[in-house]
file my_file.cif (mmCIF, C-alpha atoms)
data_final
#
loop_
_atom_site.label_atom_id
_atom_site.label_comp_id
_atom_site.auth_asym_id
_atom_site.auth_seq_id
_atom_site.Cartn_x
_atom_site.Cartn_y
_atom_site.Cartn_z
CA MET A 1248 42.57 77.38 144.63
CA ASN A 1249 44.03 75.20 147.39
CA GLU A 1250 44.38 77.22 150.65
CA LEU A 1251 47.98 76.16 151.32
CA LEU A 1252 49.03 76.91 147.75
CA GLU A 1253 47.43 80.36 147.99
CA ARG A 1254 49.04 81.02 151.38
CA TYR A 1255 52.54 80.20 150.16
CA ARG A 1256 52.09 82.20 146.98
CA ASN A 1257 51.26 85.11 149.29
CA VAL A 1258 54.40 84.39 151.34
CA LEU A 1259 56.45 84.49 148.12
CA GLU A 1260 54.91 87.88 147.24
CA GLY A 1261 55.49 89.26 150.75
CA ALA A 1262 51.76 89.49 151.46
CA ALA A 1263 51.88 86.85 154.24
CA VAL A 1264 54.44 85.68 156.77
CA PRO A 1265 55.96 82.19 156.90
CA SER A 1266 55.12 79.80 159.74
CA PRO A 1267 56.81 80.39 163.11
CA VAL A 1268 59.33 77.57 162.63
CA GLU A 1269 60.26 78.89 159.19
CA GLN A 1270 60.84 82.32 160.71
CA LEU A 1271 62.85 80.88 163.61
CA LEU A 1272 65.19 78.88 161.38
CA GLY A 1273 65.28 81.24 158.39
CA ILE A 1274 63.59 78.82 155.98
CA ARG A 1275 61.92 80.52 153.02
CA PRO A 1276 59.91 79.32 150.03
CA VAL A 1277 61.40 80.04 146.62
CA ASP A 1278 59.06 78.21 144.22
CA ILE A 1279 55.65 76.63 144.58
CA VAL A 1280 53.31 74.85 142.18
CA PRO A 1281 50.74 72.18 143.06
CA GLY A 1282 52.60 69.09 144.23
CA GLN A 1283 56.10 70.53 143.89
CA VAL A 1284 57.97 73.16 145.92
CA SER A 1285 61.42 74.51 146.74
CA PHE A 1286 62.50 76.03 150.05
CA GLU A 1287 65.88 77.51 150.98
CA LEU A 1288 67.91 78.00 154.11
CA GLU A 1289 71.04 80.08 154.57
CA ALA A 1290 73.05 77.71 156.78
CA SER A 1291 75.23 79.52 159.30
CA ARG A 1292 77.01 79.00 162.59
CA ASP A 1293 73.60 79.48 164.27
CA HIS A 1294 72.49 76.15 162.72
CA ALA A 1295 75.64 74.21 163.68
CA ASN A 1296 75.93 71.07 165.75
CA PRO A 1297 78.81 70.62 168.26
CA GLN A 1298 81.10 69.51 165.39
CA GLY A 1299 80.49 72.80 163.58
CA THR A 1300 78.46 71.41 160.66
CA LEU A 1301 74.79 71.97 159.88
CA ASN A 1302 72.69 70.09 162.42
CA GLY A 1303 70.85 67.10 160.93
CA GLY A 1304 67.63 68.14 162.64
CA ILE A 1305 67.74 71.47 160.80
CA THR A 1306 68.25 69.68 157.48
CA SER A 1307 65.40 67.32 158.37
CA THR A 1308 63.13 70.23 159.25
CA LEU A 1309 63.88 71.94 155.93
CA ALA A 1310 63.04 68.73 154.05
CA ASP A 1311 59.95 68.07 156.20
CA ILE A 1312 58.55 71.54 155.55
CA ALA A 1313 59.16 71.24 151.81
CA MET A 1314 57.59 67.79 151.59
CA GLY A 1315 54.60 68.78 153.75
CA VAL A 1316 53.88 71.89 151.71
CA ALA A 1317 54.29 69.96 148.43
CA PHE A 1318 51.77 67.37 149.62
CA GLY A 1319 49.43 69.95 151.15
CA THR A 1320 49.17 71.90 147.88
CA ALA A 1321 47.56 68.89 146.22
CA LEU A 1322 44.75 68.37 148.74
CA GLN A 1323 41.08 68.99 148.11
CA PRO A 1324 38.91 71.39 150.17
CA GLY A 1325 38.15 69.88 153.58
CA GLU A 1326 41.21 67.61 153.49
CA SER A 1327 44.28 67.83 155.68
CA PHE A 1328 47.13 65.43 156.27
CA THR A 1329 49.61 64.12 158.77
CA THR A 1330 53.09 62.72 158.24
CA ILE A 1331 53.26 59.06 159.25
CA GLU A 1332 56.88 58.46 158.29
CA LEU A 1333 59.90 60.63 157.55
CA LYS A 1334 63.22 59.19 156.42
CA ILE A 1335 66.36 61.10 155.56
CA ASN A 1336 69.80 60.12 154.32
CA PHE A 1337 72.62 62.57 155.05
CA LEU A 1338 75.16 62.45 152.24
CA LYS A 1339 77.67 65.21 152.93
CA PRO A 1340 78.34 67.89 155.55
CA VAL A 1341 77.50 71.55 155.20
CA TRP A 1342 79.23 74.28 157.21
CA ASN A 1343 77.53 77.35 155.76
CA GLY A 1344 75.87 78.65 152.62
CA THR A 1345 72.54 78.30 150.93
CA ILE A 1346 70.91 74.89 150.76
CA ARG A 1347 67.69 74.19 148.84
CA ALA A 1348 65.08 71.50 149.40
CA ASP A 1349 63.25 70.45 146.23
CA ALA A 1350 60.20 68.34 147.10
CA LYS A 1351 57.66 66.66 144.85
CA ILE A 1352 54.80 64.23 145.20
CA LEU A 1353 55.66 60.80 143.82
CA LYS A 1354 52.25 59.24 144.53
CA LYS A 1355 49.00 60.56 145.97
CA GLY A 1356 46.37 57.93 146.57
CA LYS A 1357 42.98 58.20 148.27
CA THR A 1358 44.48 57.76 151.73
CA VAL A 1359 48.28 57.71 151.56
CA GLY A 1360 50.87 59.63 149.59
CA LEU A 1361 54.62 59.53 149.06
CA VAL A 1362 56.79 62.62 148.68
CA ASP A 1363 60.52 62.87 148.05
CA CYS A 1364 62.99 65.67 148.59
CA SER A 1365 66.51 66.40 147.41
CA VAL A 1366 68.48 68.83 149.56
CA LEU A 1367 71.16 70.50 147.44
CA ASP A 1368 74.02 72.89 148.15
CA LYS A 1369 74.92 75.97 146.09
CA ASP A 1370 76.84 73.75 143.64
CA GLU A 1371 73.73 71.56 143.10
CA SER A 1372 75.47 68.71 144.94
CA LEU A 1373 73.18 66.37 146.89
CA VAL A 1374 73.50 67.02 150.63
CA ALA A 1375 70.59 64.84 151.79
CA TYR A 1376 67.73 62.82 150.34
CA ALA A 1377 64.43 62.41 152.19
CA THR A 1378 61.07 60.74 151.76
CA SER A 1379 57.81 61.26 153.58
CA THR A 1380 54.70 59.13 153.79
CA CYS A 1381 51.61 61.23 154.38
CA MET A 1382 48.08 60.19 155.33
CA ILE A 1383 45.14 62.24 154.08
CA LEU A 1384 42.63 63.24 156.76
CA ARG A 1385 38.99 64.07 156.10
CA GLY A 1386 35.91 65.03 158.12
CA ASP A 1387 36.37 65.20 161.90
CA LYS A 1388 39.99 64.05 161.61
CA ALA A 1389 40.87 66.98 159.37
CA ARG A 1390 39.18 69.67 161.49
CA GLY A 1391 41.54 72.05 163.21
CA ARG A 1392 44.66 70.84 161.39
#
call {"tool": "encode", "arguments": {"input": "my_file.cif", "output": "structure tokens"}}
result
Amino acid sequence: MNELLERYRNVLEGAAVPSPVEQLLGIRPVDIVPGQVSFELEASRDHANPQGTLNGGITSTLADIAMGVAFGTALQPGESFTTIELKINFLKPVWNGTIRADAKILKKGKTVGLVDCSVLDKDESLVAYATSTCMILRGDKARGR
């Protein structure tokens, strides 16, 4: 089984802890299968920008984590990846409440992949839409990542 997939299945079962940034922001996985994941965040005043709405960087981080994990679960042993582009469209403000990032691989080639992510509020309304271009790393470039 893919190491990242196994790790996040353990996080879901409470047998492992999320990454430091997930712990810091309160981001948690809720569903994970190879190439497709969902993560949630309980948006609160702690995540607000000066205008009082959810900071765009927090929304971007939620989407980035979901897309990275989705892509990472589809890699072969000895492979790693890096994000070479991240784009996000913010479609409506959020003040508080649960938001969910649903990410899935659209295309995984030999070197480059494309992942998309819909960030939804509790009413399943689209809050943001993101895409990520990922580059697969192998050999020396993958070591230590």
call {"tool": "closest_residue", "arguments": {"input": "my_file.cif", "among": "A:Gly1261, A:Pro1276, A:Gly1282, A:Gly1299", "to": "A:Ile1312", "atoms": "only C-alpha atoms"}}
result
A:Pro1276
call {"tool": "closest_atom_pairs", "arguments": {"input": "my_file.cif", "of": "stretch 1309-1348 of chain A", "to": "stretch 1369-1386 of chain A", "cutoff": "8 Å", "atoms": "only C-alpha atoms", "output": "JSON lines"}}
result
{"residue": "A:Ala1310", "atom": "CA", "partner": "A:Ala1377", "partner_atom": "CA", "distance": 6.7}
{"residue": "A:Asp1311", "atom": "CA", "partner": "A:Ser1379", "partner_atom": "CA", "distance": 7.6}
{"residue": "A:Met1314", "atom": "CA", "partner": "A:Ser1379", "partner_atom": "CA", "distance": 6.8}
{"residue": "A:Phe1318", "atom": "CA", "partner": "A:Cys1381", "partner_atom": "CA", "distance": 7.8}
{"residue": "A:Gly1325", "atom": "CA", "partner": "A:Arg1385", "partner_atom": "CA", "distance": 6.4}
{"residue": "A:Glu1326", "atom": "CA", "partner": "A:Arg1385", "partner_atom": "CA", "distance": 4.9}
{"residue": "A:Ser1327", "atom": "CA", "partner": "A:Leu1384", "partner_atom": "CA", "distance": 5.0}
{"residue": "A:Phe1328", "atom": "CA", "partner": "A:Ile1383", "partner_atom": "CA", "distance": 4.4}
{"residue": "A:Thr1329", "atom": "CA", "partner": "A:Met1382", "partner_atom": "CA", "distance": 5.4}
{"residue": "A:Thr1330", "atom": "CA", "partner": "A:Cys1381", "partner_atom": "CA", "distance": 4.4}
{"residue": "A:Ile1331", "atom": "CA", "partner": "A:Cys1381", "partner_atom": "CA", "distance": 5.6}
{"residue": "A:Glu1332", "atom": "CA", "partner": "A:Thr1380", "partner_atom": "CA", "distance": 5.0}
{"residue": "A:Leu1333", "atom": "CA", "partner": "A:Ser1379", "partner_atom": "CA", "distance": 4.5}
{"residue": "A:Lys1334", "atom": "CA", "partner": "A:Thr1378", "partner_atom": "CA", "distance": 5.4}
{"residue": "A:Ile1335", "atom": "CA", "partner": "A:Ala1377", "partner_atom": "CA", "distance": 4.1}
{"residue": "A:Asn1336", "atom": "CA", "partner": "A:Tyr1376", "partner_atom": "CA", "distance": 5.2}
{"residue": "A:Phe1337", "atom": "CA", "partner": "A:Ala1375", "partner_atom": "CA", "distance": 4.5}
{"residue": "A:Leu1338", "atom": "CA", "partner": "A:Val1374", "partner_atom": "CA", "distance": 5.1}
{"residue": "A:Lys1339", "atom": "CA", "partner": "A:Val1374", "partner_atom": "CA", "distance": 5.1}
{"residue": "A:Pro1340", "atom": "CA", "partner": "A:Val1374", "partner_atom": "CA", "distance": 7.0}
{"residue": "A:Val1341", "atom": "CA", "partner": "A:Val1374", "partner_atom": "CA", "distance": 7.6}
{"residue": "A:Gly1344", "atom": "CA", "partner": "A:Lys1369", "partner_atom": "CA", "distance": 7.1}
{"residue": "A:Thr1345", "atom": "CA", "partner": "A:Lys1369", "partner_atom": "CA", "distance": 5.9}
{"residue": "A:Ile1346", "atom": "CA", "partner": "A:Lys1369", "partner_atom": "CA", "distance": 6.2}
{"residue": "A:Arg1347", "atom": "CA", "partner": "A:Lys1369", "partner_atom": "CA", "distance": 7.9}
call {"tool": "resolve_selection", "arguments": {"input": "my_file.cif", "expression": "the PyMOL selection byres ((chain A and resi 1265) around 12)", "output": "list in words"}}
result
Leu1251, Arg1254, Tyr1255, Arg1256, Asn1257, Val1258, Leu1259, Glu1260, Gly1261, Ala1262, Ala1263, Val1264, Ser1266, Pro1267, Val1268, Glu1269, Gln1270, Leu1271, Leu1272, Gly1273, Ile1274, Arg1275, Pro1276, Val1277, Phe1286, Ile1312 and Val1316 of chain A
call {"tool": "closest_residue", "arguments": {"input": "my_file.cif", "among": "A:Val1280, A:Asp1349, A:Pro1324, A:Asn1343", "to": "A:His1294", "atoms": "all atoms listed in the file"}}
result
A:Asn1343
call {"tool": "closest_residue", "arguments": {"input": "my_file.cif", "among": "A:Ala1348, A:Val1362, A:Ile1279, A:Ala1295", "to": "A:Ser1307", "atoms": "all atoms listed in the file"}}
result
A:Ala1348
call {"tool": "atom_distance", "arguments": {"input": "my_file.cif", "atom1": "atom CA of A:Thr1308", "atom2": "atom CA of A:Thr1320"}}
result
18.1 Å
call {"tool": "closest_residue", "arguments": {"input": "my_file.cif", "among": "A:Arg1292, A:Lys1388, A:Ala1350, A:Pro1281", "to": "A:Ser1365", "atoms": "all atoms listed in the file"}}
result
A:Ala1350
call {"tool": "closest_residue", "arguments": {"input": "my_file.cif", "among": "A:Ile1305, A:Gln1283, A:Pro1297, A:Glu1253", "to": "A:Leu1353", "atoms": "only C-alpha atoms"}}
result
A:Gln1283
call {"tool": "atom_distance", "arguments": {"input": "my_file.cif", "atom1": "atom CA of A:Leu1252", "atom2": "atom CA of A:Gly1319"}}
result
7.8 Å
call {"tool": "atom_distance", "arguments": {"input": "my_file.cif", "atom1": "atom CA of A:Leu1322", "atom2": "atom CA of A:Asn1249"}}
result
7.0 Å
call {"tool": "closest_residue", "arguments": {"input": "my_file.cif", "among": "A:Val1366, A:Ile1352, A:Ala1389, A:Leu1361", "to": "A:Leu1288", "atoms": "all atoms listed in the file"}}
result
A:Val1366
call {"tool": "decode", "arguments": {"input": "my_file.cif", "residues": "stretch 1369-1384 of chain A", "atoms": "all heavy atoms", "output": "tab-separated table (two decimals), in the first residue's frame"}}
result
chain	number	residue	atom	x	y	z
A	1369	LYS	N	-21.16	24.16	4.74
A	1369	LYS	CA	-22.06	23.14	5.31
A	1369	LYS	C	-23.31	22.91	4.47
A	1369	LYS	O	-23.92	21.86	4.55
A	1369	LYS	CB	-22.45	23.51	6.74
A	1369	LYS	CG	-23.25	24.79	6.87
A	1369	LYS	CD	-23.61	25.05	8.32
A	1369	LYS	CE	-24.30	26.35	8.58
A	1369	LYS	NZ	-25.11	26.93	7.58
A	1370	ASP	N	-23.66	23.89	3.63
A	1370	ASP	CA	-24.82	23.77	2.75
A	1370	ASP	C	-24.45	23.21	1.38
A	1370	ASP	O	-25.27	23.24	0.45
A	1370	ASP	CB	-25.51	25.13	2.59
A	1370	ASP	CG	-26.04	25.65	3.90
A	1370	ASP	OD1	-26.57	24.85	4.71
A	1370	ASP	OD2	-25.91	26.87	4.14
A	1371	GLU	N	-23.20	22.74	1.24
A	1371	GLU	CA	-22.67	22.20	-0.03
A	1371	GLU	C	-22.56	23.28	-1.11
A	1371	GLU	O	-22.54	22.98	-2.30
A	1371	GLU	CB	-23.52	21.02	-0.55
A	1371	GLU	CG	-23.57	19.84	0.40
A	1371	GLU	CD	-22.25	19.11	0.51
A	1371	GLU	OE1	-21.62	18.83	-0.51
A	1371	GLU	OE2	-21.85	18.81	1.66
A	1372	SER	N	-22.48	24.53	-0.69
A	1372	SER	CA	-22.30	25.65	-1.62
A	1372	SER	C	-20.80	25.87	-1.84
A	1372	SER	O	-20.00	25.82	-0.90
A	1372	SER	CB	-22.94	26.91	-1.03
A	1372	SER	OG	-22.77	28.01	-1.89
A	1373	LEU	N	-20.43	26.11	-3.09
A	1373	LEU	CA	-19.02	26.26	-3.46
A	1373	LEU	C	-18.45	27.57	-2.92
A	1373	LEU	O	-18.90	28.66	-3.27
A	1373	LEU	CB	-18.88	26.20	-4.98
A	1373	LEU	CG	-17.49	26.04	-5.56
A	1373	LEU	CD1	-16.85	24.73	-5.10
A	1373	LEU	CD2	-17.55	26.08	-7.09
A	1374	VAL	N	-17.46	27.44	-2.04
A	1374	VAL	CA	-16.78	28.58	-1.42
A	1374	VAL	C	-15.56	28.98	-2.24
A	1374	VAL	O	-15.27	30.15	-2.44
A	1374	VAL	CB	-16.35	28.21	0.02
A	1374	VAL	CG1	-15.43	29.25	0.61
A	1374	VAL	CG2	-17.56	27.97	0.89
A	1375	ALA	N	-14.82	27.98	-2.73
A	1375	ALA	CA	-13.62	28.21	-3.52
A	1375	ALA	C	-13.38	27.00	-4.41
A	1375	ALA	O	-13.83	25.90	-4.13
A	1375	ALA	CB	-12.41	28.44	-2.61
A	1376	TYR	N	-12.66	27.25	-5.51
A	1376	TYR	CA	-12.29	26.19	-6.43
A	1376	TYR	C	-10.80	26.34	-6.71
A	1376	TYR	O	-10.32	27.44	-7.03
A	1376	TYR	CB	-13.08	26.28	-7.74
A	1376	TYR	CG	-12.69	25.21	-8.72
A	1376	TYR	CD1	-13.13	23.90	-8.56
A	1376	TYR	CD2	-11.86	25.51	-9.80
A	1376	TYR	CE1	-12.75	22.91	-9.46
A	1376	TYR	CE2	-11.49	24.52	-10.70
A	1376	TYR	CZ	-11.94	23.23	-10.52
A	1376	TYR	OH	-11.56	22.25	-11.40
A	1377	ALA	N	-10.05	25.24	-6.58
A	1377	ALA	CA	-8.60	25.30	-6.74
A	1377	ALA	C	-8.11	24.20	-7.67
A	1377	ALA	O	-8.75	23.16	-7.81
A	1377	ALA	CB	-7.92	25.15	-5.37
A	1378	THR	N	-6.96	24.46	-8.27
A	1378	THR	CA	-6.26	23.44	-9.05
A	1378	THR	C	-4.78	23.47	-8.65
A	1378	THR	O	-4.26	24.49	-8.20
A	1378	THR	CB	-6.38	23.66	-10.58
A	1378	THR	OG1	-5.84	24.95	-10.90
A	1378	THR	CG2	-7.81	23.54	-11.04
A	1379	SER	N	-4.15	22.32	-8.82
A	1379	SER	CA	-2.74	22.19	-8.50
A	1379	SER	C	-2.06	21.36	-9.59
A	1379	SER	O	-2.57	20.32	-9.98
A	1379	SER	CB	-2.58	21.51	-7.15
A	1379	SER	OG	-1.22	21.36	-6.82
A	1380	THR	N	-0.93	21.85	-10.04
A	1380	THR	CA	-0.09	21.08	-10.96
A	1380	THR	C	1.06	20.52	-10.14
A	1380	THR	O	1.74	21.28	-9.43
A	1380	THR	CB	0.44	21.97	-12.10
A	1380	THR	OG1	-0.66	22.60	-12.75
A	1380	THR	CG2	1.23	21.14	-13.11
A	1381	CYS	N	1.24	19.22	-10.20
A	1381	CYS	CA	2.26	18.54	-9.40
A	1381	CYS	C	3.27	17.86	-10.32
A	1381	CYS	O	2.90	17.34	-11.38
A	1381	CYS	CB	1.62	17.49	-8.49
A	1381	CYS	SG	0.43	18.19	-7.32
A	1382	MET	N	4.53	17.87	-9.91
A	1382	MET	CA	5.58	17.20	-10.66
A	1382	MET	C	6.08	16.01	-9.84
A	1382	MET	O	6.42	16.16	-8.66
A	1382	MET	CB	6.74	18.15	-10.95
A	1382	MET	CG	7.84	17.50	-11.78
A	1382	MET	SD	9.11	18.68	-12.33
A	1382	MET	CE	9.81	19.19	-10.78
A	1383	ILE	N	6.10	14.85	-10.46
A	1383	ILE	CA	6.57	13.63	-9.81
A	1383	ILE	C	8.09	13.64	-9.76
A	1383	ILE	O	8.76	13.96	-10.74
A	1383	ILE	CB	6.06	12.38	-10.55
A	1383	ILE	CG1	4.53	12.36	-10.52
A	1383	ILE	CG2	6.64	11.10	-9.94
A	1383	ILE	CD1	3.90	11.30	-11.40
A	1384	LEU	N	8.63	13.30	-8.59
A	1384	LEU	CA	10.08	13.24	-8.38
A	1384	LEU	C	10.48	11.79	-8.14
A	1384	LEU	O	9.78	11.05	-7.45
A	1384	LEU	CB	10.47	14.08	-7.16
A	1384	LEU	CG	10.03	15.54	-7.19
A	1384	LEU	CD1	10.33	16.20	-5.86
A	1384	LEU	CD2	10.69	16.29	-8.34
